[in-house]
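The structure appears right after this line, and notes come after that.
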Amino acid sequence: MRAGDQAAYAVLVARYRARLGRYAVHMLGDRDDAEEALQDAFVRAYRSIARCQDDAKFGAWLFGILVNRCRTAGRRAARRQRMFVRDDASLARAAAAEQPEAPDWDITIRRALDRLAPALREAFLLKHVEELEYEAMAELTGAKVSALKMRVLRAREQLRALLSEVERV
Amino acid sequence: MTTIHRVSGLVLVAALLLARAASAQDPRLEHHLDSTTLAVVGALMDSARSAGLPVEPLVQRALEGTAKHAEPDRIIAAVRRLAGELGVARAALGRESSPAELDAGASALRAGVRPEDLTLLRQRRTQSLTVALAALTDLVTGGVPPDSAAAAVLALASRARDDQIADFRRAVERDIALGATPAAAAAVRVDATLREVAGAANSSNPSRKP
Amino acid sequence: MFEHDDDALNRMIDRLREPVEMDPRLDTRVMTRVASPGFGARAASAWEWLRRPRAVVISPITGLGLAAAIAVLVWFLPTRAPERGEPLASDVTAVQFVVVAPGAESVSLVGDFNDWDARLTPMCAVRDGRLWTVTIPLAAGRHRYAFLVNGARWLADPSAPRAQDDFGAPSSVVTVGG
């Protein structure tokens with residue numbers, strides 16, 4: 001691996017793509033942004049592979065790079081404004097396709113996650129979706145275990161409240 | 001007429017004002033497109049994204065245009081056209097289609113394949129349609145009339161593997177290069193492929209009579 | 001109420017844990033960037049994997065009425081099985097591109113797998129500079145590409161299907177089975 005065996009790295013990329021992609025998609029809420037962050041993470045990992053001292057910890061180390069990439073992407077997305085050109089010709093053809101009707105539950109989940117502050121969302125996803133131990137989360141994020149536990153607690157409280165609002169409607 | 005001009009002017013002003021924001025959408029395009037083109041392409045990408053269409057093919061089409069030093073209007077037209085084709089492909093192939101299938105479906109539509117034939121292909125073939133759609137497109141661009149090409153691929157759809165469909169397409173292309181008429185080449189080769197598929201099925205089931 | 005609220009939260013977590021499919025073409029984009037000669041000193045040794053000489057067979061079909069430049073895709077040859085080279089991972093395959101371009105000073109493979117950046121995938125001259133070749137990993141799917149000779153002349157692959165052109169310069173397509 002450290003000899004730069006690209007064939008081996010390609011195998012790793014294929015192996016980790018789905019697992020890391022799940023985190024990036026839920027953290028960023030946008031598939032294109034997630035793919036870009038994931039791509040950047042893989043490329044950066046290859047560049048600095050010598051810093052990964054232990055082959056067995058490669059996955060965790062790569063995940064740490066991705067967490068940082070998602071933080072950067074998240075800040076960039078927050079500054080971005082979108083607009084839609086009323087280009088009727090292309091919109092008409094695109095609109096002729098069935099509009100995406102994600103199940104209501106998925107929309108609810110997405111909106112609830114988006115309402116969380118990024119640090120809370122990050123901690124919640126790492127703990128409950130990626131099922132990491134707090135010590136591993138601390139290594140990935142650079143935050144203390146106590147701070148991470150507080151973030152997860154607050155994320156759960158806010159999500160409960162948000163989900164309750166939806167179910168009352 | 002006045003209204004149309006007014007709207008167009010607003011669109012242009014809005015596009016220019018948001019050029020900086022649009023430039024944050026894909027850094028690969030930032031370095032290659034002027035701010036106006038970037039804003040329009042970015043807006044087309046946003047519209048496609050909001051419609052649930054894959055955006056990467058649009059980025060790649062724009063990058064292809066810049067690599068080939070195409071005029072901005074031509075790049076915008078190409079991206080707009082592809083966005084429309086992706087939308088029609090998704091309507092024909094279904095919302096669950098993968099980005100690769102949609103990309104291949106858009107190419108097929110561009111070549112002249114009817115949306116109805118894409119829908120039929122989806123109904124007849126349970127595995128990924130990418131290779132089948134690509135073969136269909138390549139047959140048409142190689143000279144086989146769209147109806148003949150669609151009929152051939154649909155005949156193979158439920159039974160042939162991806163590699164068999166790819167081999168079929170290569171065989172048709174060789175026959176055309178050797179002087180066969182495209183429609184005849186497709187008809188002859190599809191029969192041969194169906195016999196091959198049936199033969200393989202029989203040989204794998206010894207109890208079945210040939 | 002607490003239990004009811006936790007039910008919704010647990011359902012949310014269960015849903016979030018479900019696998020998310022990512023575009024396998026991402027692998028190709030990663031490996032193309034990684035394989036770029038400009039990647040750095042590490043890339044120079046890593047590049048050796050791609051530069052290993054491979055057998056080149058030119059199909060008789062490509063000799064029919066072709067101009068000076070003939071491009072051959074190894075997987076495209078009638079004598080070969082559909083599997084075209086070493087599968088690198090479950091949905092990434094190594095594909096070798098070869099072009100006959102005698103007298104060329106440089107040839108690049110350019111396409112949607114390297115963001116149409118001619119700097120990323122230069123081809124290597126073999127056979128006294130008459131043949132240019134490169135092998136790259138491609139994800140399953142349909143890829144548009146062309147050869148750029150001497151940084152100025154676009155060349156499609158005469159023996160590969162032609163891509164529909166939007167820009168007045170020829171391109172080809174290759175389909176990698178998934």
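Chain labels run A, B, ... following the order of the structure tokens; each chain numbers its residues from 1, and ligands are numbered from 1 in the order shown.
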Using only C-alpha atoms, what does the table of chain A residues within 8 Å of chain C look like, with each row giving the shortest atom pair and its distance in Å to one decimal, sorted by chain and ascending number, as CSV?
```
residue,atom,partner,partner_atom,distance
A:Ala3,CA,C:Ala46,CA,7.2
A:Gly4,CA,C:Ala46,CA,4.8
A:Asp5,CA,C:Ala46,CA,5.8
A:Gln6,CA,C:Ala46,CA,6.2
A:Ala7,CA,C:Leu88,CA,6.2
A:Ala8,CA,C:Leu88,CA,7.9
A:Ala10,CA,C:Leu88,CA,6.5
A:Val11,CA,C:Ala89,CA,5.0
A:Val13,CA,C:Asp27,CA,6.2
A:Ala14,CA,C:Ala89,CA,6.2
A:Arg15,CA,C:Ala89,CA,8.0
A:Arg17,CA,C:Met22,CA,6.9
A:Ala18,CA,C:Met22,CA,5.9
A:Arg19,CA,C:Pro19,CA,7.4
A:Gly21,CA,C:Met22,CA,6.3
A:Arg22,CA,C:Val20,CA,5.2
A:Val25,CA,C:Val20,CA,8.0
A:His26,CA,C:Leu16,CA,7.6
A:Glu35,CA,C:Leu26,CA,7.2
A:Gln39,CA,C:Val30,CA,5.9
A:Asp40,CA,C:Val30,CA,8.0
A:Phe42,CA,C:Val30,CA,6.7
A:Val43,CA,C:Val30,CA,6.1
A:Tyr46,CA,C:Val34,CA,7.2
A:Arg47,CA,C:Arg42,CA,7.9
A:Ile109,CA,C:Met12,CA,6.5
A:His128,CA,C:Ile13,CA,6.7
A:Val129,CA,C:Arg17,CA,5.2
A:Glu130,CA,C:Arg17,CA,7.4
A:Arg156,CA,C:Leu9,CA,7.7
A:Leu159,CA,C:Leu9,CA,7.1
A:Arg160,CA,C:Asp5,CA,5.6
A:Ala161,CA,C:Asp5,CA,7.8
A:Leu163,CA,C:Ala8,CA,6.7
A:Ser164,CA,C:Asp5,CA,6.4
```
Long-range neighbours of range 122-133 of chain B as a PyMOL selection string, 7 Å cut-off, only C-alpha atoms, 2 positions minimum in chain: (chain B and resi 93+100-101+104-105+108+118-120+135-137+153+157-158+162+165) or (chain C and resi 141+175+177)
Residues of chain C were defined as contacting chain B if any atom lay at most 7 Å from it, counting only C-alpha atoms; please report them as a PyMOL selection string. chain C and resi 82+112+115-116+141-142+161-162+166-167+169+175+177
Hey, can you spit out that residue selection with N, CA and C atoms as an mmCIF file, in the first residue's frame?
```cif
data_model
loop_
_atom_site.group_PDB
_atom_site.id
_atom_site.type_symbol
_atom_site.label_atom_id
_atom_site.label_comp_id
_atom_site.auth_asym_id
_atom_site.auth_seq_id
_atom_site.Cartn_x
_atom_site.Cartn_y
_atom_site.Cartn_z
ATOM 1 N N PRO C 82 -15.164 -10.999 -23.801
ATOM 2 C CA PRO C 82 -15.713 -9.704 -23.404
ATOM 3 C C PRO C 82 -15.016 -9.084 -22.201
ATOM 4 N N ASP C 112 -14.627 11.894 -20.273
ATOM 5 C CA ASP C 112 -15.395 12.246 -19.083
ATOM 6 C C ASP C 112 -14.893 11.541 -17.832
ATOM 7 N N ASP C 115 -12.357 14.415 -16.554
ATOM 8 C CA ASP C 115 -12.844 15.798 -16.629
ATOM 9 C C ASP C 115 -12.347 16.522 -17.880
ATOM 10 N N TRP C 116 -12.127 15.780 -18.956
ATOM 11 C CA TRP C 116 -11.680 16.360 -20.231
ATOM 12 C C TRP C 116 -10.422 17.221 -20.047
ATOM 13 N N GLY C 141 -20.350 1.667 -17.165
ATOM 14 C CA GLY C 141 -21.109 2.785 -17.727
ATOM 15 C C GLY C 141 -20.582 3.155 -19.092
ATOM 16 N N ARG C 142 -21.112 4.216 -19.606
ATOM 17 C CA ARG C 142 -20.774 4.683 -20.954
ATOM 18 C C ARG C 142 -19.905 5.925 -20.834
ATOM 19 N N PRO C 161 -17.548 3.128 -31.504
ATOM 20 C CA PRO C 161 -18.749 3.894 -31.843
ATOM 21 C C PRO C 161 -18.498 5.389 -31.674
ATOM 22 N N ARG C 162 -19.100 6.160 -32.539
ATOM 23 C CA ARG C 162 -18.928 7.607 -32.512
ATOM 24 C C ARG C 162 -19.915 8.214 -31.539
ATOM 25 N N ASP C 166 -21.389 17.666 -30.183
ATOM 26 C CA ASP C 166 -21.995 18.969 -29.908
ATOM 27 C C ASP C 166 -21.071 20.135 -30.253
ATOM 28 N N PHE C 167 -19.806 19.823 -30.485
ATOM 29 C CA PHE C 167 -18.825 20.908 -30.506
ATOM 30 C C PHE C 167 -17.944 20.944 -31.752
ATOM 31 N N ALA C 169 -15.922 18.715 -32.878
ATOM 32 C CA ALA C 169 -14.684 17.953 -32.780
ATOM 33 C C ALA C 169 -15.073 16.530 -32.414
ATOM 34 N N THR C 175 -18.218 1.538 -23.714
ATOM 35 C CA THR C 175 -19.147 1.092 -22.678
ATOM 36 C C THR C 175 -18.480 -0.026 -21.887
ATOM 37 N N GLY C 177 -19.106 -2.837 -19.111
ATOM 38 C CA GLY C 177 -20.214 -3.546 -18.496
ATOM 39 C C GLY C 177 -20.109 -3.514 -16.984
#
```
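In this structure, the chain B residues at most 6 Å away from chain A are B:Ala21, B:Ala43, B:Ala51, B:Gly52, B:Gly84, B:Gly87, B:Val88, B:Ala91, with only C-alpha atoms considered.
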Atom pair CA of Val149 in chain C / CA of Val107 in chain C: separation (Å):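 Pair CA of Val149 in chain C / CA of Val107 in chain C returns 4.5 Å.
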Using Å and a single decimal, report how far CA of Ala160 in chain B sits from CA of Ala185 in chain B. 18.1 Å
